[in-house]
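**Student:** Have a look at this one before I ask anything.
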Amino acid sequence: MPSISIMYPTMPSRIESVVPYARLAERASGRRLWLGQSLCVETHAVFAALTGRGLDIGFGSDVALMPMRHPLTAAVDARSVAALSGRTYLAGIGPGDTEIQRRMLGSVYERPVSATRHYIRMMRTLLDGGTVEETEGPWATEGLRLPPMKIAQVEIGLGVLREPMARLAGEAADWAITWLTPLDYLSGRLMPAMALAARAARRPAPRVAALVHCAVARPDRDLARVCLSAVQGHLSAPHYTDMLNRAGIPVDRRDPRTGAELLLRHGVMATGTAQDIAAALGAYHAAGVDEVIISVGGVQVAEGTRAALRDLADILQAAEHSATRGPAPAV
């Protein structure tokens, strides 16, 4: 069955708000719950708390921001979740935008791809039980090592929007994680860039996890408002608007409302009936995406938790039906 997982779409302040999403993740084929960077209850602490409540699911970060933690801390956090959950943890990382870099570090990464390469290399070395001898980059450290532990696997994912990061994912990451990327841009430009870089590095191409914003079309629901609620910050961010323009969607970060309407028009947010959305998710799998992450964040923000969970349950049911339905009978 194609792998589908769930995104908890906001920064949690209470574990009780996350539990219903985690329960739905138990029903999803991928059995994984994703959280982004949280400045409320910390992401890895949420995963630990859910494990303590007996939820038997995997977890992934989409994504943890590099300026927020040293690679040593990132490695310890990741293997802590793997050790406590007993399941493979997908540690998604990304450099964040220049504003968060400047506020956290006092300056921006001069070469974000190079900085990310150093970060991944340090994390992987530490997770594999090696000793870091990193003489370059902002985290230059020699002789750094973690005490040994027997844990479930930690896989490193890289947030990918444009081709330079796609090539780095091909070179060094286990997963590429995309957000708001149109399917034709993902399949036509990003995935080929990953594959070429992986071949050059003589390693397997990374698996791909694509987050897809979803909202069921319901009577009196303003889908443009829902879409804007989900991605207003992204539509105001230069790296996202640049990616969308490269993909042929002419958004302008000074006009996020029109940007949201363009995302709907181009199918970047999956809408329609739950069955329509399931078909849209299936197109990602057909294009070679390994895991589709459903986000109903726009509904959550615009209409509340009950409406968001209703959409999510309906989409999962439709996706399960679509995946298990046999071929059409012969005529």
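Naming works like this for the structure tokens: A, B, ... for the chains as they're shown, residue 1 at the start of each chain, ligands 1 onward in shown order.
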Show which residues sit within 9 Å of Val231 in chain A, as a VMD selection string. Count only C-alpha atoms, and ignore same-chain residues fewer than 2 positions away.
**Tutor:** chain A and resid 180 213 226 to 229 233 to 236 256 260 297 to 298
**Student:** Excluding His239 in chain A and its own-chain neighbours fewer than 4 positions away, which residues fall within 8 Å of it when counting only C-alpha atoms? Please give them as a list of chain:residue names.
**Tutor:** A:Asp97, A:Leu161, A:Met243
**Student:** Restricting the calculation to only C-alpha atoms: of A:Ser38, A:Thr88, A:Thr141, A:Thr178, which residue gets closest to Ile293 in chain A?
**Tutor:**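 Among the listed residues, the smallest separation from Ile293 in chain A belongs to A:Thr178.
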**Student:** Give me, as a PyMOL selection string, all polymer residues having an atom no more than 9 Å from Gln300 in chain A, counting only C-alpha atoms and skipping those fewer than 5 positions away in the same chain.
**Tutor:** chain A and resi 9-10+226+229-230+305-309
**Student:** Within 7 Å of range 59-76 of chain A, which residues of range 108-140 of chain A come that close, and what is the closest atom pair and distance in Å for each? Count only C-alpha atoms and give it as a tab-separated table.
**Tutor:**
residue	atom	partner	partner_atom	distance
A:Tyr119	CA	A:Pro71	CA	5.9
A:Met122	CA	A:Pro71	CA	6.3
A:Met123	CA	A:Ala75	CA	5.4
A:Leu126	CA	A:Ala75	CA	6.7
A:Leu127	CA	A:Ala75	CA	6.2
**Student:** List as a tab-separated table every residue of range 81-156 of chain A that is in contact with range 40-53 of chain A, defined as an atom at most 12 Å from one of its atoms (using only C-alpha atoms), together with the nearest atom pair and the distance in Å rounded to one decimal, sorted by chain and then rising number.
**Tutor:**
residue	atom	partner	partner_atom	distance
A:Val81	CA	A:Ala48	CA	6.2
A:Ala82	CA	A:Ala48	CA	9.4
A:Ala83	CA	A:Ala48	CA	9.7
A:Leu84	CA	A:Ala48	CA	6.7
A:Ser85	CA	A:Thr51	CA	5.6
A:Gly86	CA	A:Thr51	CA	9.2
A:Arg87	CA	A:Thr51	CA	10.2
A:Tyr89	CA	A:Phe47	CA	10.1
A:Leu90	CA	A:His44	CA	11.5
A:Ala91	CA	A:His44	CA	10.0
A:Gly92	CA	A:Thr43	CA	11.7
**Student:** Now that the selection is made, can you save its residues with all heavy atoms as a PDB file, in the first residue's frame?
**Tutor:**
ATOM      1  N   VAL A  81      14.595   9.837  20.372  1.00  0.00           N
ATOM      2  CA  VAL A  81      13.269   9.442  19.893  1.00  0.00           C
ATOM      3  C   VAL A  81      13.297   8.009  19.371  1.00  0.00           C
ATOM      4  O   VAL A  81      12.393   7.210  19.640  1.00  0.00           O
ATOM      5  CB  VAL A  81      12.775  10.411  18.804  1.00  0.00           C
ATOM      6  CG1 VAL A  81      11.440   9.945  18.236  1.00  0.00           C
ATOM      7  CG2 VAL A  81      12.637  11.822  19.362  1.00  0.00           C
ATOM      8  N   ALA A  82      14.348   7.658  18.635  1.00  0.00           N
ATOM      9  CA  ALA A  82      14.456   6.294  18.121  1.00  0.00           C
ATOM     10  C   ALA A  82      14.543   5.282  19.264  1.00  0.00           C
ATOM     11  O   ALA A  82      13.917   4.215  19.220  1.00  0.00           O
ATOM     12  CB  ALA A  82      15.678   6.176  17.213  1.00  0.00           C
ATOM     13  N   ALA A  83      15.305   5.614  20.299  1.00  0.00           N
ATOM     14  CA  ALA A  83      15.467   4.697  21.428  1.00  0.00           C
ATOM     15  C   ALA A  83      14.166   4.532  22.196  1.00  0.00           C
ATOM     16  O   ALA A  83      13.795   3.412  22.592  1.00  0.00           O
ATOM     17  CB  ALA A  83      16.566   5.210  22.358  1.00  0.00           C
ATOM     18  N   LEU A  84      13.434   5.621  22.420  1.00  0.00           N
ATOM     19  CA  LEU A  84      12.214   5.552  23.213  1.00  0.00           C
ATOM     20  C   LEU A  84      11.062   4.918  22.442  1.00  0.00           C
ATOM     21  O   LEU A  84      10.257   4.177  23.014  1.00  0.00           O
ATOM     22  CB  LEU A  84      11.830   6.951  23.689  1.00  0.00           C
ATOM     23  CG  LEU A  84      12.795   7.604  24.690  1.00  0.00           C
ATOM     24  CD1 LEU A  84      12.421   9.066  24.902  1.00  0.00           C
ATOM     25  CD2 LEU A  84      12.799   6.859  26.015  1.00  0.00           C
ATOM     26  N   SER A  85      10.962   5.218  21.155  1.00  0.00           N
ATOM     27  CA  SER A  85       9.843   4.707  20.364  1.00  0.00           C
ATOM     28  C   SER A  85      10.081   3.297  19.864  1.00  0.00           C
ATOM     29  O   SER A  85       9.129   2.561  19.588  1.00  0.00           O
ATOM     30  CB  SER A  85       9.573   5.630  19.169  1.00  0.00           C
ATOM     31  OG  SER A  85      10.634   5.564  18.227  1.00  0.00           O
ATOM     32  N   GLY A  86      11.360   2.908  19.715  1.00  0.00           N
ATOM     33  CA  GLY A  86      11.669   1.613  19.132  1.00  0.00           C
ATOM     34  C   GLY A  86      11.424   1.546  17.642  1.00  0.00           C
ATOM     35  O   GLY A  86      11.475   0.477  17.039  1.00  0.00           O
ATOM     36  N   ARG A  87      11.185   2.693  17.013  1.00  0.00           N
ATOM     37  CA  ARG A  87      10.925   2.760  15.582  1.00  0.00           C
ATOM     38  C   ARG A  87      11.931   3.705  14.914  1.00  0.00           C
ATOM     39  O   ARG A  87      12.445   4.617  15.538  1.00  0.00           O
ATOM     40  CB  ARG A  87       9.503   3.264  15.300  1.00  0.00           C
ATOM     41  CG  ARG A  87       8.416   2.229  15.553  1.00  0.00           C
ATOM     42  CD  ARG A  87       7.050   2.831  15.270  1.00  0.00           C
ATOM     43  NE  ARG A  87       6.005   1.822  15.229  1.00  0.00           N
ATOM     44  CZ  ARG A  87       5.574   1.221  14.113  1.00  0.00           C
ATOM     45  NH1 ARG A  87       6.129   1.536  12.955  1.00  0.00           N
ATOM     46  NH2 ARG A  87       4.617   0.329  14.147  1.00  0.00           N
ATOM     47  N   TYR A  89      13.485   6.665  13.297  1.00  0.00           N
ATOM     48  CA  TYR A  89      13.157   8.093  13.378  1.00  0.00           C
ATOM     49  C   TYR A  89      13.716   8.795  12.156  1.00  0.00           C
ATOM     50  O   TYR A  89      14.881   8.585  11.782  1.00  0.00           O
ATOM     51  CB  TYR A  89      13.749   8.713  14.648  1.00  0.00           C
ATOM     52  CG  TYR A  89      13.467  10.195  14.750  1.00  0.00           C
ATOM     53  CD1 TYR A  89      12.161  10.659  14.810  1.00  0.00           C
ATOM     54  CD2 TYR A  89      14.496  11.135  14.754  1.00  0.00           C
ATOM     55  CE1 TYR A  89      11.875  12.017  14.886  1.00  0.00           C
ATOM     56  CE2 TYR A  89      14.223  12.489  14.837  1.00  0.00           C
ATOM     57  CZ  TYR A  89      12.915  12.919  14.893  1.00  0.00           C
ATOM     58  OH  TYR A  89      12.638  14.254  14.962  1.00  0.00           O
ATOM     59  N   LEU A  90      12.884   9.638  11.546  1.00  0.00           N
ATOM     60  CA  LEU A  90      13.316  10.390  10.376  1.00  0.00           C
ATOM     61  C   LEU A  90      13.617  11.818  10.811  1.00  0.00           C
ATOM     62  O   LEU A  90      12.713  12.612  11.051  1.00  0.00           O
ATOM     63  CB  LEU A  90      12.235  10.366   9.299  1.00  0.00           C
ATOM     64  CG  LEU A  90      12.732  10.497   7.861  1.00  0.00           C
ATOM     65  CD1 LEU A  90      11.618  10.160   6.874  1.00  0.00           C
ATOM     66  CD2 LEU A  90      13.303  11.862   7.573  1.00  0.00           C
ATOM     67  N   ALA A  91      14.890  12.110  10.945  1.00  0.00           N
ATOM     68  CA  ALA A  91      15.340  13.413  11.437  1.00  0.00           C
ATOM     69  C   ALA A  91      15.498  14.361  10.262  1.00  0.00           C
ATOM     70  O   ALA A  91      16.547  14.428   9.613  1.00  0.00           O
ATOM     71  CB  ALA A  91      16.672  13.260  12.174  1.00  0.00           C
ATOM     72  N   GLY A  92      14.427  15.103   9.967  1.00  0.00           N
ATOM     73  CA  GLY A  92      14.483  16.087   8.899  1.00  0.00           C
ATOM     74  C   GLY A  92      15.094  17.386   9.394  1.00  0.00           C
ATOM     75  O   GLY A  92      14.723  17.889  10.453  1.00  0.00           O
TER      76      GLY A  92
END
**Student:** As a ChimeraX atom specification, please: all residues of range 55-111 of chain A that backbone DSSP puts in helix (DSSP H, G or I).
**Tutor:** /A:66-68,71-85,98-105
**Student:** As number ranges by chain, please: all residues of range 35-143 of chain A that backbone DSSP puts in strand (DSSP E).
**Tutor:** A: 35, 58-61, 64-65, 89-94, 132-134, 141-143
**Student:** Distance CA of Ala287 in chain A-CA of Met269 in chain A, one decimal place?
**Tutor:**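 CA of Met269 in chain A lies at a distance of 16.9 Å from CA of Ala287 in chain A.
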**Student:** Could you list, as a list in words, every residue within 12 Å of Ser187 in chain A, counting only C-alpha atoms and ignoring same-chain residues fewer than 3 positions away?
**Tutor:** Glu163, Ala166, Thr178, Thr181, Pro182, Leu183, Asp184, Leu190, Met191, Pro192, Ala193, Met194, Ala195, Val208, Ala210, Ala247, Ala283, Tyr284, His285, Ala286, Ala287, Gly288 and Val289 of chain A
**Student:** What is the distance, in Å and to one decimal place, between CA of Arg27 in chain A and CA of Ile294 in chain A?
**Tutor:**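 CA of Ile294 in chain A lies at a distance of 12.9 Å from CA of Arg27 in chain A.
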**Student:** How many Å separate CA of Pro238 in chain A from CA of Arg117 in chain A?
**Tutor:** 21.9 Å
**Student:** From the list A:Ala319, A:Leu33, A:Val292, A:Leu168, which residue is nearest Tyr8 in chain A when using only C-alpha atoms?
**Tutor:**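 Comparing A:Ala319, A:Leu33, A:Val292, A:Leu168 against Tyr8 in chain A, the winner is A:Leu33.
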**Student:** From the set A:Pro138, A:Gly129, A:Gly304, A:Gly188, which residue has the shortest atom-to-atom contact distance to Leu105 in chain A, counting only C-alpha atoms?
**Tutor:**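 For Leu105 in chain A, the nearest of the candidates is A:Pro138.
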**Student:** With only C-alpha atoms as the basis for distance, which of A:Arg207, A:Arg189, A:Arg199, A:Arg111 is at the shortest distance from Ile156 in chain A?
**Tutor:**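 Result for the nearest residue to Ile156 in chain A: A:Arg207.
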**Student:** Near Ala201 in chain A, within 10 Å and counting only C-alpha atoms, which residues show up once chain neighbours fewer than 4 positions away are dropped, as a PyMOL selection string?
**Tutor:** chain A and resi 170-172+195-197+205
**Student:** So, with only C-alpha atoms as the atoms that count, which of A:Pro250, A:Pro2, A:Gly30, A:Gly106 lies closest to Ser322 in chain A?
**Tutor:**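 Smallest distance to Ser322 in chain A is found for A:Pro2.
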**Student:** Check the smallest atom-to-atom distance from each of A:Leu158, A:Ile4, A:Ala323, A:Ala140 to Gly96 in chain A using only C-alpha atoms, then report the winner.
**Tutor:** A:Leu158
